[in-house]
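Listing of model.tsv, TSV, C-alpha atoms and all ligand atoms
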chain	number	residue	atom	x	y	z
A	1	MET	CA	45.88	151.52	86.42
A	2	LYS	CA	46.64	153.82	89.30
A	3	LYS	CA	50.11	153.65	90.81
A	4	SER	CA	48.69	152.82	94.22
A	5	THR	CA	46.72	149.88	92.75
A	6	ILE	CA	49.87	148.44	91.19
A	7	VAL	CA	51.71	148.75	94.49
A	8	PHE	CA	48.77	147.10	96.26
A	9	ILE	CA	48.62	144.19	93.80
A	10	THR	CA	52.37	143.72	94.03
A	11	ILE	CA	52.28	143.60	97.82
A	12	LEU	CA	49.27	141.29	97.74
A	13	SER	CA	50.88	138.80	95.34
A	14	LEU	CA	54.13	138.88	97.26
A	15	GLY	CA	52.14	138.18	100.40
A	16	VAL	CA	50.28	135.28	98.81
A	17	GLY	CA	53.58	133.93	97.50
A	18	PHE	CA	55.24	134.02	100.92
A	19	ALA	CA	52.19	132.62	102.64
A	20	SER	CA	51.92	129.67	100.28
A	21	ALA	CA	55.65	129.01	100.57
A	22	TRP	CA	55.31	129.13	104.33
A	23	ILE	CA	52.32	126.80	104.32
A	24	ALA	CA	54.04	124.45	101.88
A	25	ARG	CA	57.06	124.32	104.15
A	26	GLY	CA	54.97	123.42	107.13
A	27	LEU	CA	52.70	120.92	105.44
A	28	GLN	CA	54.83	119.24	102.86
A	29	PRO	CA	56.56	116.28	104.42
A	30	ILE	CA	60.30	116.30	103.82
A	31	LYS	CA	61.05	113.35	101.60
A	32	LEU	CA	63.94	111.48	103.12
A	33	GLU	CA	66.22	108.75	101.82
A	34	ALA	CA	66.49	106.78	105.02
A	35	GLY	CA	65.09	108.70	107.95
A	36	LEU	CA	61.63	109.39	109.25
A	37	TRP	CA	60.73	113.06	109.71
A	38	LEU	CA	57.98	113.74	112.23
A	39	GLY	CA	57.30	117.28	110.99
A	40	ASP	CA	54.41	118.81	112.90
A	41	ASN	CA	54.24	115.74	115.09
A	42	ALA	CA	57.56	116.62	116.72
A	43	ARG	CA	57.06	116.48	120.46
A	44	ALA	CA	58.89	118.17	123.29
A	45	LEU	CA	61.32	116.02	125.19
A	46	PRO	CA	60.57	116.06	128.93
A	47	ASP	CA	63.39	116.95	131.28
A	48	PHE	CA	65.81	114.19	132.30
A	49	LYS	CA	68.79	113.91	134.60
A	50	LEU	CA	71.93	112.13	133.47
A	51	ILE	CA	75.71	112.70	133.61
A	52	ASP	CA	78.15	113.17	130.76
A	53	HIS	CA	81.52	111.50	130.15
A	54	ASN	CA	83.24	114.11	132.36
A	55	GLY	CA	80.91	113.35	135.25
A	56	GLU	CA	79.04	116.65	134.80
A	57	ASP	CA	75.25	116.92	134.95
A	58	PHE	CA	73.59	116.50	131.58
A	59	ASP	CA	69.93	117.33	131.17
A	60	ARG	CA	67.42	118.71	128.68
A	61	ASP	CA	69.07	122.15	128.60
A	62	ASN	CA	72.28	120.61	127.26
A	63	LEU	CA	70.40	119.70	124.07
A	64	GLN	CA	69.25	123.27	123.45
A	65	GLY	CA	70.34	125.11	120.29
A	66	LYS	CA	71.79	122.26	118.23
A	67	TRP	CA	70.55	119.23	116.35
A	68	HIS	CA	71.31	116.03	118.24
A	69	LEU	CA	71.54	112.43	117.17
A	70	LEU	CA	70.86	110.16	120.15
A	71	PHE	CA	71.92	106.54	120.09
A	72	PHE	CA	71.27	104.12	122.96
A	73	GLY	CA	73.76	101.32	123.51
A	74	TYR	CA	76.66	100.08	125.63
A	75	THR	CA	80.41	99.94	125.15
A	76	HIS	CA	80.69	96.14	125.55
A	77	CYS	CA	78.79	95.83	122.28
A	78	PRO	CA	81.29	95.00	119.53
A	79	ASP	CA	78.99	94.77	116.53
A	80	VAL	CA	75.94	97.05	116.31
A	81	CYS	CA	77.13	99.99	118.46
A	82	PRO	CA	80.52	100.53	116.78
A	83	ALA	CA	78.87	100.18	113.37
A	84	SER	CA	76.30	102.88	114.20
A	85	LEU	CA	78.82	105.25	115.80
A	86	GLN	CA	81.25	104.74	112.91
A	87	THR	CA	78.49	105.50	110.40
A	88	MET	CA	77.69	108.76	112.21
A	89	ALA	CA	81.38	109.67	112.43
A	90	ASP	CA	81.87	108.95	108.72
A	91	MET	CA	78.68	110.85	107.89
A	92	LEU	CA	79.87	113.99	109.73
A	93	LYS	CA	83.27	113.69	108.09
A	94	SER	CA	81.66	113.49	104.65
A	95	ILE	CA	79.93	116.85	105.22
A	96	SER	CA	82.65	118.44	107.36
A	97	ASP	CA	83.01	121.40	104.98
A	98	SER	CA	79.35	122.39	105.38
A	99	ASP	CA	77.60	124.32	108.18
A	100	VAL	CA	75.30	121.34	108.62
A	101	SER	CA	78.00	119.27	110.30
A	102	ASN	CA	78.62	122.03	112.87
A	103	ALA	CA	74.91	122.08	113.70
A	104	ILE	CA	74.88	118.38	114.65
A	105	ARG	CA	76.12	116.70	117.80
A	106	VAL	CA	76.15	112.97	118.45
A	107	VAL	CA	75.18	111.72	121.90
A	108	PHE	CA	75.74	108.10	122.90
A	109	VAL	CA	73.47	107.10	125.78
A	110	SER	CA	74.89	104.13	127.65
A	111	VAL	CA	72.21	101.98	129.26
A	112	ASP	CA	74.93	99.97	131.05
A	113	PRO	CA	76.10	102.38	133.79
A	114	ASP	CA	77.78	99.68	135.90
A	115	ARG	CA	80.43	98.99	133.27
A	116	ASP	CA	80.28	102.33	131.43
A	117	THR	CA	81.78	104.75	133.92
A	118	PRO	CA	82.29	108.31	132.62
A	119	GLU	CA	85.96	107.48	132.01
A	120	VAL	CA	85.18	104.38	129.91
A	121	LEU	CA	82.49	106.30	128.03
A	122	LYS	CA	84.84	109.18	127.26
A	123	ASN	CA	87.48	106.84	125.91
A	124	TYR	CA	84.90	105.03	123.85
A	125	VAL	CA	82.94	107.86	122.21
A	126	GLN	CA	85.96	110.03	121.53
A	127	TYR	CA	87.59	107.17	119.69
A	128	PHE	CA	84.98	107.66	116.95
A	129	ASN	CA	84.95	111.46	116.97
A	130	PRO	CA	86.41	113.88	119.56
A	131	GLY	CA	83.13	115.81	119.48
A	132	PHE	CA	80.93	112.85	120.43
A	133	ILE	CA	79.34	112.98	123.88
A	134	GLY	CA	78.73	109.97	126.10
A	135	ILE	CA	76.04	110.15	128.76
A	136	THR	CA	74.65	107.72	131.30
A	137	GLY	CA	72.99	107.72	134.71
A	138	THR	CA	71.04	105.71	137.21
A	139	GLU	CA	68.86	102.87	136.02
A	140	GLN	CA	65.76	104.86	136.97
A	141	ASN	CA	66.83	108.00	135.11
A	142	LEU	CA	67.86	106.02	132.03
A	143	ASN	CA	64.53	104.20	132.05
A	144	GLN	CA	62.68	107.48	132.20
A	145	LEU	CA	64.50	108.98	129.19
A	146	ALA	CA	64.24	105.77	127.17
A	147	LYS	CA	60.54	105.52	127.93
A	148	THR	CA	59.74	109.09	126.86
A	149	ILE	CA	61.59	108.52	123.58
A	150	GLY	CA	60.12	105.08	123.02
A	151	ILE	CA	63.43	103.27	123.08
A	152	SER	CA	63.54	99.85	124.64
A	153	TYR	CA	66.50	98.05	126.15
A	154	PHE	CA	67.08	95.04	128.32
A	155	LEU	CA	70.06	93.96	130.43
A	156	ASP	CA	70.34	90.17	130.19
A	157	ARG	CA	71.78	89.83	133.66
A	158	GLU	CA	70.70	87.45	136.40
A	159	ASN	CA	72.06	89.46	139.31
A	160	PRO	CA	74.12	92.62	139.87
A	161	GLU	CA	77.21	90.49	140.58
A	162	GLN	CA	77.25	89.05	137.07
A	163	VAL	CA	80.07	90.86	135.23
A	164	SER	CA	79.68	89.35	131.77
A	165	TYR	CA	76.31	89.92	130.18
A	166	LEU	CA	74.71	91.14	126.99
A	167	VAL	CA	72.33	94.03	126.52
A	168	SER	CA	69.53	94.18	123.95
A	169	HIS	CA	68.72	97.64	122.74
A	170	SER	CA	66.94	99.55	120.01
A	171	SER	CA	69.21	100.34	117.09
A	172	SER	CA	67.34	103.48	115.97
A	173	ILE	CA	69.02	106.87	116.01
A	174	ILE	CA	66.79	109.60	117.40
A	175	LEU	CA	66.89	113.11	115.96
A	176	ILE	CA	66.29	115.95	118.43
A	177	ASN	CA	65.81	119.44	117.02
A	178	PRO	CA	67.35	122.65	118.51
A	179	SER	CA	64.12	123.32	120.47
A	180	VAL	CA	64.66	119.91	122.13
A	181	GLU	CA	61.81	118.14	120.41
A	182	TYR	CA	61.87	114.58	119.19
A	183	ALA	CA	61.82	115.40	115.46
A	184	GLY	CA	62.68	112.20	113.62
A	185	LEU	CA	64.57	108.96	113.56
A	186	PHE	CA	66.88	106.79	111.49
A	187	ARG	CA	66.52	103.04	111.54
A	188	ALA	CA	69.27	100.49	110.99
A	189	PRO	CA	70.86	99.54	108.68
A	190	LEU	CA	72.30	103.00	108.31
A	191	SER	CA	73.91	104.43	105.24
A	192	THR	CA	76.45	107.23	105.60
A	193	LEU	CA	75.38	108.87	102.36
A	194	ALA	CA	71.60	108.69	102.93
A	195	MET	CA	71.97	110.05	106.44
A	196	ALA	CA	74.12	112.96	105.27
A	197	GLU	CA	71.60	113.83	102.55
A	198	ASP	CA	68.62	113.61	104.90
A	199	LEU	CA	70.19	115.71	107.62
A	200	THR	CA	71.30	118.35	105.12
A	201	LYS	CA	67.75	118.53	103.77
A	202	ILE	CA	66.22	118.80	107.23
A	203	ILE	CA	68.67	121.31	108.68
A	204	GLU	CA	68.71	123.58	105.64
A	205	ARG	CA	64.91	123.79	105.72
A	206	ASN	CA	64.46	124.42	109.40
B	1	MET	CA	103.09	48.25	78.91
B	2	ILE	CA	99.43	49.26	79.14
B	3	ASN	CA	99.50	48.21	82.72
B	4	ARG	CA	102.41	50.59	83.54
B	5	GLN	CA	100.72	53.49	81.80
B	6	PHE	CA	97.62	52.77	83.79
B	7	GLN	CA	99.60	52.70	87.03
B	8	LEU	CA	101.19	56.04	86.20
B	9	LEU	CA	97.82	57.57	85.45
B	10	LEU	CA	96.37	56.16	88.67
B	11	SER	CA	99.14	57.58	90.80
B	12	LEU	CA	98.77	60.94	89.08
B	13	ILE	CA	95.04	60.94	89.91
B	14	LEU	CA	95.79	59.99	93.52
B	15	LEU	CA	98.37	62.76	93.76
B	16	MET	CA	95.90	65.32	92.43
B	17	LEU	CA	93.25	64.14	94.88
B	18	ALA	CA	95.72	64.44	97.73
B	19	LEU	CA	96.71	67.95	96.64
B	20	GLY	CA	93.06	68.88	96.32
B	21	ALA	CA	92.36	67.74	99.85
B	22	GLU	CA	95.27	69.79	101.15
B	23	ALA	CA	94.14	73.00	99.46
B	24	ALA	CA	92.06	75.43	101.51
B	25	PRO	CA	88.50	74.10	101.30
B	26	LEU	CA	86.78	77.45	101.45
B	27	ASN	CA	87.70	80.73	99.84
B	28	ILE	CA	87.70	83.39	102.55
B	29	THR	CA	88.04	87.04	101.60
B	30	ASP	CA	87.72	90.45	103.22
B	31	ALA	CA	88.54	89.13	106.72
B	32	TRP	CA	88.77	92.06	109.11
B	33	ILE	CA	88.39	93.06	112.75
B	34	LYS	CA	86.74	96.33	113.77
B	35	ASN	CA	89.23	98.36	115.77
B	36	LEU	CA	88.02	99.71	119.11
B	37	PRO	CA	89.72	101.59	121.95
B	38	PRO	CA	91.47	99.36	124.54
B	39	VAL	CA	88.72	100.01	127.15
B	40	VAL	CA	86.49	97.61	125.25
B	41	PRO	CA	87.44	93.99	126.03
B	42	MET	CA	85.97	92.47	122.87
B	43	ARG	CA	86.06	92.88	119.10
B	44	ALA	CA	83.85	91.82	116.23
B	45	GLY	CA	85.34	90.05	113.23
B	46	TYR	CA	83.90	89.87	109.73
B	47	MET	CA	84.63	88.00	106.48
B	48	GLN	CA	83.14	86.47	103.40
B	49	ILE	CA	83.20	82.67	103.16
B	50	GLU	CA	82.66	81.02	99.81
B	51	ASN	CA	82.08	77.30	99.49
B	52	SER	CA	82.51	76.39	95.84
B	53	SER	CA	82.75	72.69	96.60
B	54	ASP	CA	79.81	70.31	96.35
B	55	THR	CA	79.70	69.44	100.04
B	56	PRO	CA	78.48	71.59	102.92
B	57	TYR	CA	81.05	72.77	105.46
B	58	ARG	CA	80.30	73.29	109.10
B	59	ILE	CA	82.49	75.57	111.21
B	60	THR	CA	82.46	74.23	114.74
B	61	GLY	CA	85.16	76.32	116.36
B	62	VAL	CA	87.33	79.38	115.95
B	63	GLU	CA	90.63	79.99	117.72
B	64	SER	CA	93.40	82.53	117.88
B	65	GLU	CA	96.41	83.10	120.09
B	66	VAL	CA	95.47	86.78	120.28
B	67	PHE	CA	92.03	86.28	121.89
B	68	THR	CA	90.93	84.32	124.96
B	69	THR	CA	87.85	82.92	123.22
B	70	ILE	CA	86.14	83.39	119.88
B	71	ASP	CA	82.48	82.55	119.40
B	72	ILE	CA	80.21	82.95	116.42
B	73	HIS	CA	77.37	85.38	117.07
B	74	GLU	CA	74.47	86.79	115.19
B	75	SER	CA	72.92	90.20	115.82
B	76	ILE	CA	69.20	89.91	115.33
B	77	GLU	CA	66.32	92.32	115.73
B	78	LYS	CA	63.55	91.16	118.01
B	79	ASN	CA	60.74	93.26	119.50
B	80	GLY	CA	62.38	96.41	118.19
B	81	MET	CA	65.63	95.57	119.94
B	82	MET	CA	68.92	94.31	118.60
B	83	SER	CA	70.46	91.45	120.51
B	84	MET	CA	73.33	89.04	119.97
B	85	GLN	CA	72.87	85.30	119.99
B	86	PRO	CA	75.55	82.62	119.86
B	87	ILE	CA	75.54	80.25	116.88
B	88	SER	CA	76.93	76.87	117.91
B	89	SER	CA	78.05	75.99	114.40
B	90	LEU	CA	77.95	77.85	111.14
B	91	VAL	CA	77.08	75.87	108.02
B	92	ILE	CA	78.27	77.01	104.61
B	93	GLU	CA	76.12	75.06	102.18
B	94	ALA	CA	77.67	73.72	98.98
B	95	GLY	CA	77.93	76.37	96.31
B	96	THR	CA	76.98	79.25	98.60
B	97	THR	CA	78.66	82.28	100.16
B	98	VAL	CA	78.06	83.42	103.72
B	99	LYS	CA	78.85	87.00	104.62
B	100	LEU	CA	79.79	87.96	108.15
B	101	ALA	CA	79.06	91.69	108.32
B	102	PRO	CA	78.22	94.46	110.83
B	103	GLY	CA	74.69	94.06	112.19
B	104	GLY	CA	74.55	90.34	111.32
B	105	ILE	CA	76.73	87.26	111.78
B	106	HIS	CA	80.11	88.07	113.31
B	107	LEU	CA	82.97	86.54	115.22
B	108	MET	CA	82.75	87.61	118.86
B	109	MET	CA	86.41	87.88	119.83
B	110	MET	CA	86.88	88.17	123.59
B	111	GLU	CA	89.71	89.77	125.56
B	112	PRO	CA	92.51	90.61	123.15
B	113	LYS	CA	95.82	89.61	124.72
B	114	GLN	CA	97.66	92.49	123.10
B	115	VAL	CA	96.88	96.08	122.15
B	116	LEU	CA	95.56	96.02	118.60
B	117	LYS	CA	95.59	98.91	116.17
B	118	PRO	CA	94.46	99.45	112.58
B	119	GLY	CA	96.72	97.64	110.13
B	120	ASP	CA	97.64	94.84	112.57
B	121	ARG	CA	97.23	91.29	111.32
B	122	VAL	CA	95.81	88.48	113.43
B	123	ASN	CA	95.95	84.79	112.58
B	124	ILE	CA	92.90	82.71	113.39
B	125	SER	CA	92.01	79.10	112.68
B	126	LEU	CA	88.63	77.79	111.69
B	127	GLU	CA	87.80	74.22	112.67
B	128	TYR	CA	85.42	72.22	110.52
B	129	ASP	CA	83.30	69.25	111.56
B	130	ASN	CA	85.18	67.05	109.10
B	131	GLY	CA	88.27	67.48	111.26
B	132	SER	CA	90.11	69.90	108.99
B	133	THR	CA	91.23	73.35	110.01
B	134	GLN	CA	91.87	76.46	107.98
B	135	ILE	CA	94.27	79.21	109.03
B	136	LEU	CA	93.60	82.72	107.85
B	137	GLN	CA	94.80	86.21	108.49
B	138	MET	CA	92.46	89.00	109.57
B	139	THR	CA	93.35	92.68	109.34
B	140	VAL	CA	92.41	95.19	112.04
B	141	ARG	CA	90.58	98.12	110.44
B	142	GLN	CA	89.48	101.55	111.59
C	1	CU	CU	78.56	89.46	119.46

Would you give me this structure, written as structure tokens?
Amino acid sequence: MKKSTIVFITILSLGVGFASAWIARGLQPIKLEAGLWLGDNARALPDFKLIDHNGEDFDRDNLQGKWHLLFFGYTHCPDVCPASLQTMADMLKSISDSDVSNAIRVVFVSVDPDRDTPEVLKNYVQYFNPGFIGITGTEQNLNQLAKTIGISYFLDRENPEQVSYLVSHSSSIILINPSVEYAGLFRAPLSTLAMAEDLTKIIERN
Amino acid sequence: MINRQFQLLLSLILLMLALGAEAAPLNITDAWIKNLPPVVPMRAGYMQIENSSDTPYRITGVESEVFTTIDIHESIEKNGMMSMQPISSLVIEAGTTVKLAPGGIHLMMMEPKQVLKPGDRVNISLEYDNGSTQILQMTVRQ
């Protein structure tokens, strides 16, 4: 065989190898323990306008460049919300020595802006992890974000003067990728270990 | 003679019955309260309640000097949303164990009267429909 033919065949097979690996990566669904990976069905998150726990504007651009876990809830929720936030805090702690944990940020979206002022939110989210971010906003802006993500919530309140009320809300955790696309979700009940494994798998492959 | 022995035996049986009635009716383990920052005016409490007797027990009330009110709640998923609903009384059927755990049945403990932190112990009393009460200690956990 001529030397040039060998070089050609080598390049060709390398090319085929890379191409099939690339195709496999795109097509093969990531098998997850607990989460749901949307793969090619990931969809861009439209812009939104909320404020963070320091009272600063928080919009789509703030989600750029990192993986985000979004959880919708309210601070006057003693059972489901603390359990979910604690699971995410424990999960990040369990992988704190890996790069994966630095690539993830947790965002708690309060759908109860009347009681959850930025100050209350800050106190609340940072209790679980100093890196957690709390965001909220007007009813209209919250509705818009929840709607685009497919999260439902409901304030069981007869009038705005009622100070003690409960809020129903979805308990799913939404995964947003660094290009700000809705890329997957985790449904309750959450397991620290399964979540850590799934996120490691996803982030190391993307 | 036989009569006296019988009397002794009878009083022993009565004494044992009385002691049995005084003993805690239900075996409660792993009783804890999820710690939260002071900005949140409520806490959730969890425990495992085992009824090894042959009669059902119904918890009709929960009280503590540390909280303004304590209700029994259940978190349930409905239409893709989690919501909490009050349970007016919690029945522990004979020979069963009921687990109060995150995302399910819990004690909804309103307005702590003191700042609580992990490791603190809180006494609560459970009231049963048969008129008895049971005092137990819950531990505040991270
Ligand atoms: Cu509750």

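Candidate residues B:Gly131, B:Gly95, B:Pro86, B:Pro25 were compared for distance to chain A, and the nearest is B:Pro86, using only C-alpha atoms.
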
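Set the cut-off at 8 Å, count all atoms listed in the file, and the residues of chain B near chain A turn out to be B:Leu36, B:Pro37, B:Val39, B:Val40, B:Pro41, B:Met42, B:Arg43, B:Ala44, B:Ser75, B:Gly80, B:Met81, B:Met82, B:Ser83, B:Met84, B:Pro102, B:Gly103, B:His106, B:Met108.
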
Write a file of the selected residues as a short mmCIF file (atom, residue, chain, number, x, y, z; two decimals), in the coordinates of the input, keeping C-alpha atoms.
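Full text of part.cif as output:
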data_model
loop_
_atom_site.label_atom_id
_atom_site.label_comp_id
_atom_site.auth_asym_id
_atom_site.auth_seq_id
_atom_site.Cartn_x
_atom_site.Cartn_y
_atom_site.Cartn_z
CA LEU B 36 88.02 99.71 119.11
CA PRO B 37 89.72 101.59 121.95
CA VAL B 39 88.72 100.01 127.15
CA VAL B 40 86.49 97.61 125.25
CA PRO B 41 87.44 93.99 126.03
CA MET B 42 85.97 92.47 122.87
CA ARG B 43 86.06 92.88 119.10
CA ALA B 44 83.85 91.82 116.23
CA SER B 75 72.92 90.20 115.82
CA GLY B 80 62.38 96.41 118.19
CA MET B 81 65.63 95.57 119.94
CA MET B 82 68.92 94.31 118.60
CA SER B 83 70.46 91.45 120.51
CA MET B 84 73.33 89.04 119.97
CA PRO B 102 78.22 94.46 110.83
CA GLY B 103 74.69 94.06 112.19
CA HIS B 106 80.11 88.07 113.31
CA MET B 108 82.75 87.61 118.86
#

Quick one: of A:Met91, A:Val100, A:Gly184, A:Tyr165, who's nearest to ligand CU 1 (chain C), counting all atoms listed in the file? A:Tyr165

Go ahead and find all residues with at least one atom no further than 10 Å from (84.2, 110.5, 112.0) in the file's coordinates, using all atoms listed in the file; report them as a PyMOL selection string. chain A and resi 85-94+96+126-132

Polymer residues at most 12 Å from A:Ile174, all atoms listed in the file, same-chain spacing of 6 or more positions, as a short mmCIF file (atom, residue, chain, number, x, y, z; two decimals) with C-alpha atoms, keeping the file's coordinate frame:
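Output saved as selection.cif:
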data_model
loop_
_atom_site.label_atom_id
_atom_site.label_comp_id
_atom_site.auth_asym_id
_atom_site.auth_seq_id
_atom_site.Cartn_x
_atom_site.Cartn_y
_atom_site.Cartn_z
CA GLY A 35 65.09 108.70 107.95
CA LEU A 36 61.63 109.39 109.25
CA TRP A 37 60.73 113.06 109.71
CA LEU A 38 57.98 113.74 112.23
CA ALA A 42 57.56 116.62 116.72
CA LEU A 45 61.32 116.02 125.19
CA TRP A 67 70.55 119.23 116.35
CA HIS A 68 71.31 116.03 118.24
CA LEU A 69 71.54 112.43 117.17
CA LEU A 70 70.86 110.16 120.15
CA PHE A 71 71.92 106.54 120.09
CA PHE A 72 71.27 104.12 122.96
CA ARG A 105 76.12 116.70 117.80
CA VAL A 106 76.15 112.97 118.45
CA VAL A 107 75.18 111.72 121.90
CA PHE A 108 75.74 108.10 122.90
CA VAL A 109 73.47 107.10 125.78
CA ALA A 146 64.24 105.77 127.17
CA THR A 148 59.74 109.09 126.86
CA ILE A 149 61.59 108.52 123.58
CA GLY A 150 60.12 105.08 123.02
CA ILE A 151 63.43 103.27 123.08
CA VAL A 180 64.66 119.91 122.13
CA GLU A 181 61.81 118.14 120.41
CA TYR A 182 61.87 114.58 119.19
CA ALA A 183 61.82 115.40 115.46
CA GLY A 184 62.68 112.20 113.62
CA LEU A 185 64.57 108.96 113.56
CA PHE A 186 66.88 106.79 111.49
CA ARG A 187 66.52 103.04 111.54
CA ALA A 188 69.27 100.49 110.99
#

Distance query 6 Å from (88.5, 87.9, 112.5) using all atoms listed in the file, result as a VMD selection string: chain B and resid 31 to 33 45 to 46 138

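Among the candidates A:Leu190, A:Met195, A:Pro178, A:Gly137, the one nearest to A:Lys49 when counting only C-alpha atoms is A:Gly137.
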
Separation of atom CA of B:Met47 from atom CA of A:Thr192 in Å: 20.9 Å
